[in-house]
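Here is protein-v5.txt, consisting of compact mmCIF, C-alpha atoms:
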```
# COMPACT_ATOMS: atom_id res chain seq x y z
CA MET J 24 -12.34 -10.78 13.72
CA ASP J 25 -9.86 -13.42 12.59
CA THR J 26 -8.05 -12.46 9.40
CA SER J 27 -5.45 -14.26 7.38
CA ILE J 28 -3.65 -11.95 4.97
CA ARG J 29 -1.40 -13.44 2.31
CA LEU J 30 0.05 -10.41 0.59
CA ALA J 31 3.71 -11.09 1.35
CA GLN J 32 3.37 -14.77 0.38
CA GLU J 33 5.69 -15.56 3.31
CA PRO J 34 4.26 -17.04 6.54
CA ALA J 35 5.97 -14.88 9.18
CA ALA J 36 5.45 -11.66 7.23
CA ASP J 37 1.81 -12.48 6.51
CA ALA J 38 1.23 -13.37 10.16
CA LEU J 39 2.35 -9.87 11.16
CA LEU J 40 0.11 -8.29 8.52
CA SER J 41 -2.81 -10.37 9.78
CA ARG J 42 -2.51 -9.15 13.37
CA SER J 43 -1.15 -5.62 12.90
CA PRO J 44 -3.14 -2.89 11.11
CA LEU J 45 -0.05 -0.64 11.24
CA ALA J 46 2.02 -3.28 9.46
CA THR J 47 -0.62 -3.58 6.75
CA LEU J 48 -0.81 0.20 6.35
CA ILE J 49 2.98 0.47 6.07
CA GLY J 50 3.01 -2.39 3.57
CA MET J 51 0.49 -0.47 1.49
CA LEU J 52 2.72 2.61 1.68
CA LEU J 53 5.72 0.59 0.47
CA ASP J 54 3.74 -0.96 -2.38
CA GLN J 55 5.10 1.13 -5.24
CA GLN J 56 7.84 0.49 -7.77
CA VAL J 57 8.64 -2.91 -6.23
CA PRO J 58 6.90 -6.30 -6.43
CA MET J 59 3.93 -6.46 -4.08
CA GLU J 60 5.37 -9.35 -2.04
CA TRP J 61 8.57 -7.36 -1.40
CA ALA J 62 6.56 -4.36 -0.22
CA PHE J 63 4.31 -6.27 2.16
CA ALA J 64 7.22 -8.27 3.58
CA GLY J 65 8.81 -4.94 4.52
CA PRO J 66 6.95 -4.42 7.82
CA HIS J 67 8.14 -7.80 9.13
CA THR J 68 11.71 -6.99 8.11
CA ILE J 69 11.48 -3.64 9.90
CA ALA J 70 10.04 -5.25 13.05
CA SER J 71 12.74 -7.93 13.06
CA ARG J 72 15.52 -5.36 12.74
CA LEU J 73 13.97 -3.37 15.58
CA GLY J 74 13.99 -6.52 17.69
CA ALA J 75 10.20 -6.44 18.04
CA ASP J 76 7.33 -8.74 17.17
CA ASP J 77 5.10 -5.83 16.13
CA LEU J 78 5.37 -2.24 14.97
CA ASP J 79 4.63 0.83 17.07
CA ALA J 80 3.94 4.21 15.46
CA HIS J 81 5.24 6.17 18.46
CA ASP J 82 8.51 4.25 18.42
CA ILE J 83 9.07 4.59 14.67
CA ALA J 84 8.15 8.28 14.59
CA GLY J 85 10.59 9.06 17.40
CA ARG J 86 13.63 7.31 15.92
CA ASP J 87 16.63 9.13 14.52
CA PRO J 88 15.94 9.52 10.76
CA GLU J 89 19.46 8.57 9.68
CA GLU J 90 19.50 5.47 11.86
CA PHE J 91 16.05 4.43 10.66
CA ALA J 92 17.08 4.94 7.03
CA ALA J 93 20.17 2.80 7.65
CA LEU J 94 17.98 0.10 9.18
CA LEU J 95 15.82 -0.05 6.03
CA SER J 96 18.86 0.15 3.76
CA ALA J 97 20.73 -2.81 5.27
CA LYS J 98 20.84 -5.76 2.89
CA PRO J 99 18.46 -7.08 1.90
CA ALA J 100 16.95 -3.62 1.62
CA VAL J 101 13.31 -3.13 2.57
CA HIS J 102 12.62 -1.25 -0.67
CA ARG J 103 14.27 -0.26 -3.93
CA TYR J 104 14.51 3.26 -2.48
CA PRO J 105 15.05 2.48 1.21
CA GLY J 106 16.25 5.93 2.25
CA SER J 107 13.32 7.89 0.85
CA MET J 108 10.81 5.25 1.93
CA ALA J 109 12.22 5.29 5.47
CA GLY J 110 11.35 8.98 5.58
CA ARG J 111 7.85 8.28 4.30
CA VAL J 112 7.30 5.55 6.89
CA GLN J 113 8.33 7.92 9.66
CA GLN J 114 6.12 10.69 8.27
CA LEU J 115 3.17 8.29 8.19
CA CYS J 116 3.78 7.18 11.76
CA ALA J 117 4.21 10.76 12.97
CA TYR J 118 0.90 11.69 11.35
CA LEU J 119 -0.82 8.72 13.02
CA VAL J 120 0.62 9.75 16.39
CA GLU J 121 -0.53 13.35 15.97
CA HIS J 122 -4.02 12.67 14.64
CA TYR J 123 -4.96 9.12 15.71
CA ASP J 124 -2.98 8.43 18.88
CA GLY J 125 -0.68 6.16 16.87
CA ASP J 126 -3.48 3.66 16.22
CA PRO J 127 -4.44 3.24 12.55
CA THR J 128 -7.74 1.59 13.48
CA ASN J 129 -8.88 5.00 14.72
CA LEU J 130 -9.02 5.97 11.04
CA TRP J 131 -12.10 3.81 10.57
CA ARG J 132 -13.34 2.86 14.04
CA ASP J 133 -16.79 4.34 14.72
CA CYS J 134 -16.97 5.74 11.19
CA ASP J 135 -19.97 4.48 9.24
CA ASP J 136 -19.32 6.38 5.98
CA GLY J 137 -17.03 4.87 3.36
CA ARG J 138 -16.40 8.25 1.78
CA GLU J 139 -15.21 9.64 5.11
CA VAL J 140 -12.82 6.73 5.62
CA LEU J 141 -11.48 7.32 2.11
CA ARG J 142 -11.01 11.02 2.90
CA ARG J 143 -9.04 10.17 6.03
CA LEU J 144 -6.87 7.67 4.17
CA ASN J 145 -6.23 10.21 1.43
CA GLU J 146 -4.89 12.66 4.02
CA LEU J 147 -2.17 10.23 5.11
CA PRO J 148 1.38 11.10 3.99
CA GLY J 149 2.24 9.04 0.92
CA PHE J 150 -1.35 8.07 0.17
CA GLY J 151 -2.89 9.38 -3.04
CA LYS J 152 -6.38 8.58 -4.28
CA GLN J 153 -5.50 5.25 -5.89
CA LYS J 154 -3.58 3.93 -2.89
CA SER J 155 -6.35 5.10 -0.56
CA GLN J 156 -9.03 3.37 -2.64
CA ILE J 157 -7.04 0.13 -2.74
CA PHE J 158 -6.57 0.17 1.03
CA LEU J 159 -10.25 0.93 1.57
CA ALA J 160 -11.07 -2.05 -0.66
CA LEU J 161 -8.62 -4.19 1.33
CA LEU J 162 -10.33 -3.15 4.56
CA GLY J 163 -13.72 -4.16 3.21
CA LYS J 164 -12.77 -7.33 1.38
CA GLN J 165 -10.32 -8.86 3.82
CA LEU J 166 -10.48 -7.09 7.19
CA GLY J 167 -14.24 -6.85 7.68
CA VAL J 168 -14.26 -3.02 7.84
CA ARG J 169 -17.32 -2.17 5.78
CA PRO J 170 -18.79 1.28 6.40
CA ALA J 171 -21.77 2.24 4.27
CA GLY J 172 -20.81 2.92 0.67
CA TRP J 173 -17.29 1.51 1.00
CA ARG J 174 -17.44 -0.31 -2.34
CA GLU J 175 -18.55 2.82 -4.18
CA ALA J 176 -15.91 4.95 -2.42
CA ALA J 177 -13.22 2.42 -3.38
CA GLY J 178 -14.21 2.72 -7.04
CA ALA J 179 -13.28 -0.16 -9.34
CA TYR J 180 -11.09 -1.65 -6.58
CA GLY J 181 -14.19 -2.25 -4.47
CA GLU J 182 -15.92 -4.37 -7.09
CA GLU J 183 -16.36 -8.00 -6.12
CA GLY J 184 -14.25 -10.36 -8.17
CA ALA J 185 -12.35 -7.49 -9.77
CA TYR J 186 -8.83 -8.88 -9.17
CA ARG J 187 -7.29 -5.46 -9.78
CA SER J 188 -5.14 -4.90 -6.70
CA ALA J 189 -3.72 -6.13 -3.41
CA ALA J 190 -7.26 -5.97 -2.02
CA ASP J 191 -8.16 -9.07 -4.05
CA ILE J 192 -5.12 -11.22 -3.26
CA THR J 193 -5.67 -14.13 -0.90
CA GLY J 194 -3.07 -16.56 -2.24
CA PRO J 195 -1.00 -17.59 -5.27
CA GLU J 196 -4.00 -18.07 -7.58
CA THR J 197 -5.49 -14.64 -6.96
CA LEU J 198 -2.02 -13.09 -7.14
CA ALA J 199 -1.67 -14.54 -10.63
CA LYS J 200 -5.08 -13.10 -11.59
CA VAL J 201 -4.14 -9.62 -10.37
CA ARG J 202 -0.82 -9.77 -12.22
CA ALA J 203 -2.60 -10.85 -15.39
CA TYR J 204 -5.03 -7.93 -15.06
CA LYS J 205 -2.22 -5.42 -14.54
CA GLN J 206 -0.30 -6.77 -17.51
CA SER J 207 -3.40 -6.53 -19.67
CA ALA J 208 -4.00 -2.96 -18.51
CA LYS J 209 -0.41 -1.99 -19.35
CA GLN J 210 -0.69 -3.50 -22.82
CA ALA J 211 -3.97 -1.67 -23.43
CA ALA J 212 -2.39 1.62 -22.28
CA ARG J 213 0.58 1.12 -24.59
CA ALA J 214 -1.72 0.30 -27.49
CA ALA J 215 -3.82 3.40 -26.83
CA LYS J 216 -0.72 5.57 -26.67
CA GLY J 217 0.48 4.11 -29.96
CA GLU J 218 -2.85 4.84 -31.66
CA THR J 219 -2.80 8.41 -30.40
CA GLY J 220 0.75 8.95 -31.58
CA SER J 221 0.09 7.51 -35.03
CA GLY J 222 -2.43 10.24 -35.77
CA THR J 223 -0.16 13.19 -35.07
CA GLY J 224 1.48 13.30 -38.51
CA GLY J 225 4.53 15.38 -39.29
CA GLY J 226 7.08 12.61 -39.80
CA ALA J 227 8.66 9.95 -37.65
CA ARG J 228 8.02 9.99 -33.94
CA LYS J 229 10.92 10.41 -31.58
CA PRO J 230 11.26 8.61 -28.25
CA ALA J 231 10.63 10.69 -25.17
CA ALA J 232 13.70 12.14 -23.57
CA GLY J 233 15.27 9.73 -21.10
CA GLY J 234 13.14 6.85 -22.35
CA GLY J 235 10.11 8.23 -20.50
CA ARG J 236 11.18 6.64 -17.20
CA GLY J 237 14.21 8.44 -15.89
CA GLY J 238 12.30 11.02 -13.89
CA ALA J 239 9.68 8.68 -12.49
CA LYS J 240 8.86 9.14 -8.82
CA PRO J 241 7.19 6.72 -6.40
CA ARG J 242 3.42 6.98 -6.65
CA GLY J 243 1.47 8.24 -3.66
```
Since I need it in another form, could you write the structure as structure tokens?
Amino acid sequence: MDTSIRLAQEPAADALLSRSPLATLIGMLLDQQVPMEWAFAGPHTIASRLGADDLDAHDIAGRDPEEFAALLSAKPAVHRYPGSMAGRVQQLCAYLVEHYDGDPTNLWRDCDDGREVLRRLNELPGFGKQKSQIFLALLGKQLGVRPAGWREAAGAYGEEGAYRSAADITGPETLAKVRAYKQSAKQAARAAKGETGSGTGGGARKPAAGGGRGGAKPRG
């Protein structure tokens, strides 16, 4: 079916996402600790630097790791952590080659159970439960892949009109709605943490070592 994805908010990058399931899957992998548009523009940048108009899992998996990391690290870098993310992209592609003949659509083709698609996504390198649920919601909401129970399997991300994640973004207006939701969720989390801390007693609270961020790792 015809799809028009607007996650990168850049015509050439979105055109690649719209025609290439592998590009969309890699964009989802990159979508952590960087702005969403930067992450989903990454597949187009990678393809351009490879001199290709699409991405191929066999090709990426077989490339020299140091050379591939250098390709992602060249300015402007594909990600805030281009070296480590280059390794994750290659691991993802190698897994797809081994288990799905390099074709990500084999993850969901001929599968009529949303929970099974979620299980398969969750087995991908770099994909934890949240990322898998968001991608499942993206499949259902924007790519027409709707196995039975997909909304339930995707959790809150599968709800219609939720505007919680990349699955709900179709342009600048919906991007603003998703950003507003995420900001609200962060504020609520900070408020809840403050309320919990205020009840501990025993004198003034001390900040967490390293500001609470120094050891953060990319989410799966």
Need the shell around stretch 84-96 of chain J: protein/DNA/RNA residues with any atom at most 7 Å away, counting only C-alpha atoms. Skip same-chain ones fewer than 6 positions apart. Format as a list in words? Ile69, Arg72, Pro105, Gly106, Ala109, Gly110, Gln113, Cys116 and Ala117 of chain J
Generate the output file for the selected residues, C-alpha atoms, as a PDB file, in the coordinates of the input.
```
ATOM      1  CA  ILE J  69      11.480  -3.640   9.900  1.00  0.00           C
ATOM      2  CA  ARG J  72      15.520  -5.360  12.740  1.00  0.00           C
ATOM      3  CA  PRO J 105      15.050   2.480   1.210  1.00  0.00           C
ATOM      4  CA  GLY J 106      16.250   5.930   2.250  1.00  0.00           C
ATOM      5  CA  ALA J 109      12.220   5.290   5.470  1.00  0.00           C
ATOM      6  CA  GLY J 110      11.350   8.980   5.580  1.00  0.00           C
ATOM      7  CA  GLN J 113       8.330   7.920   9.660  1.00  0.00           C
ATOM      8  CA  CYS J 116       3.780   7.180  11.760  1.00  0.00           C
ATOM      9  CA  ALA J 117       4.210  10.760  12.970  1.00  0.00           C
TER      10      ALA J 117
END
```
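Comparing J:Asn129, J:Ser41, J:Ser71, J:Gln32 by their smallest distance to J:Leu161, the closest is J:Ser41 (using all atoms listed in the file).
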Contact residues around J:Asp126 with only C-alpha atoms at 12 Å, ignoring same-chain residues under 3 positions, as a PyMOL selection string: chain J and resi 43-46+48+78-81+115-123+129-132
Those residues with C-alpha atoms, as a PDB file, in the frame of the given file please?
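Resulting contents of again-v3.pdb:
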```
ATOM      1  CA  SER J  43      -1.150  -5.620  12.900  1.00  0.00           C
ATOM      2  CA  PRO J  44      -3.140  -2.890  11.110  1.00  0.00           C
ATOM      3  CA  LEU J  45      -0.050  -0.640  11.240  1.00  0.00           C
ATOM      4  CA  ALA J  46       2.020  -3.280   9.460  1.00  0.00           C
ATOM      5  CA  LEU J  48      -0.810   0.200   6.350  1.00  0.00           C
ATOM      6  CA  LEU J  78       5.370  -2.240  14.970  1.00  0.00           C
ATOM      7  CA  ASP J  79       4.630   0.830  17.070  1.00  0.00           C
ATOM      8  CA  ALA J  80       3.940   4.210  15.460  1.00  0.00           C
ATOM      9  CA  HIS J  81       5.240   6.170  18.460  1.00  0.00           C
ATOM     10  CA  LEU J 115       3.170   8.290   8.190  1.00  0.00           C
ATOM     11  CA  CYS J 116       3.780   7.180  11.760  1.00  0.00           C
ATOM     12  CA  ALA J 117       4.210  10.760  12.970  1.00  0.00           C
ATOM     13  CA  TYR J 118       0.900  11.690  11.350  1.00  0.00           C
ATOM     14  CA  LEU J 119      -0.820   8.720  13.020  1.00  0.00           C
ATOM     15  CA  VAL J 120       0.620   9.750  16.390  1.00  0.00           C
ATOM     16  CA  GLU J 121      -0.530  13.350  15.970  1.00  0.00           C
ATOM     17  CA  HIS J 122      -4.020  12.670  14.640  1.00  0.00           C
ATOM     18  CA  TYR J 123      -4.960   9.120  15.710  1.00  0.00           C
ATOM     19  CA  ASN J 129      -8.880   5.000  14.720  1.00  0.00           C
ATOM     20  CA  LEU J 130      -9.020   5.970  11.040  1.00  0.00           C
ATOM     21  CA  TRP J 131     -12.100   3.810  10.570  1.00  0.00           C
ATOM     22  CA  ARG J 132     -13.340   2.860  14.040  1.00  0.00           C
TER      23      ARG J 132
END
```
Skipping near chain neighbours, those fewer than 5 positions away, what residues fall within 6 Å of stretch 175-192 of chain J using all atoms listed in the file, listed as a PDB file with C-alpha atoms, keeping the file's coordinate frame?
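Once everything was written out, this is result.pdb:
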```pdb
ATOM      1  CA  GLY J 137     -17.030   4.870   3.360  1.00  0.00           C
ATOM      2  CA  ARG J 138     -16.400   8.250   1.780  1.00  0.00           C
ATOM      3  CA  GLN J 156      -9.030   3.370  -2.640  1.00  0.00           C
ATOM      4  CA  ILE J 157      -7.040   0.130  -2.740  1.00  0.00           C
ATOM      5  CA  LEU J 159     -10.250   0.930   1.570  1.00  0.00           C
ATOM      6  CA  ALA J 160     -11.070  -2.050  -0.660  1.00  0.00           C
ATOM      7  CA  LEU J 161      -8.620  -4.190   1.330  1.00  0.00           C
ATOM      8  CA  THR J 197      -5.490 -14.640  -6.960  1.00  0.00           C
ATOM      9  CA  LEU J 198      -2.020 -13.090  -7.140  1.00  0.00           C
ATOM     10  CA  VAL J 201      -4.140  -9.620 -10.370  1.00  0.00           C
TER      11      VAL J 201
END
```
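Distance check against J:Leu144 using all atoms listed in the file: of J:Ala208, J:Ala70, J:Leu162, J:Leu39, the minimum falls on J:Leu162.
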Expressed in Å to a single decimal, how great is the separation between atom CA of J:Pro58 and atom CA of J:His102?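 Atom-to-atom, atom CA of J:Pro58 to atom CA of J:His102, that is 9.6 Å.
Proximity of J:Val140, J:Ala214, J:Ala97, J:Met108 to J:Phe158, computed with all atoms listed in the file, is greatest for J:Val140.
For the atom pair formed by atom CA of J:Lys205 and atom CA of J:Gln114, the distance is 29.1 Å, given to one decimal.
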Just to confirm, what's the straight-line distance from atom CA of J:Thr128 to atom CA of J:Leu147 in Å (one decimal)?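 Atom CA of J:Leu147 lies at a distance of 13.3 Å from atom CA of J:Thr128.
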Min atom-atom distance to J:Gln165 from the set J:Glu33, J:Trp61, J:Leu40, J:Ile49, counting only C-alpha atoms, belongs to J:Leu40
Please identify all polymer residues within 8 Å of J:Thr193, counting all atoms listed in the file, omitting same-chain residues fewer than 5 positions from it, and present them as a PDB file with C-alpha atoms, in the coordinates of the input.
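Saved file part.pdb follows:
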```pdb
ATOM      1  CA  ILE J  28      -3.650 -11.950   4.970  1.00  0.00           C
ATOM      2  CA  ARG J  29      -1.400 -13.440   2.310  1.00  0.00           C
ATOM      3  CA  LEU J  30       0.050 -10.410   0.590  1.00  0.00           C
ATOM      4  CA  LEU J 198      -2.020 -13.090  -7.140  1.00  0.00           C
TER       5      LEU J 198
END
```
Find, counting all atoms listed in the file, the residue in J:Leu52, J:Ala199, J:Leu73, J:Ala38 that gets nearest to J:Gly151.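 Going through J:Leu52, J:Ala199, J:Leu73, J:Ala38 one by one, the smallest distance to J:Gly151 is for J:Leu52.
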Counting all atoms listed in the file, which of J:Ala64, J:Leu53, J:Ala215, J:Ile83 gets nearest to J:Tyr104? J:Leu53
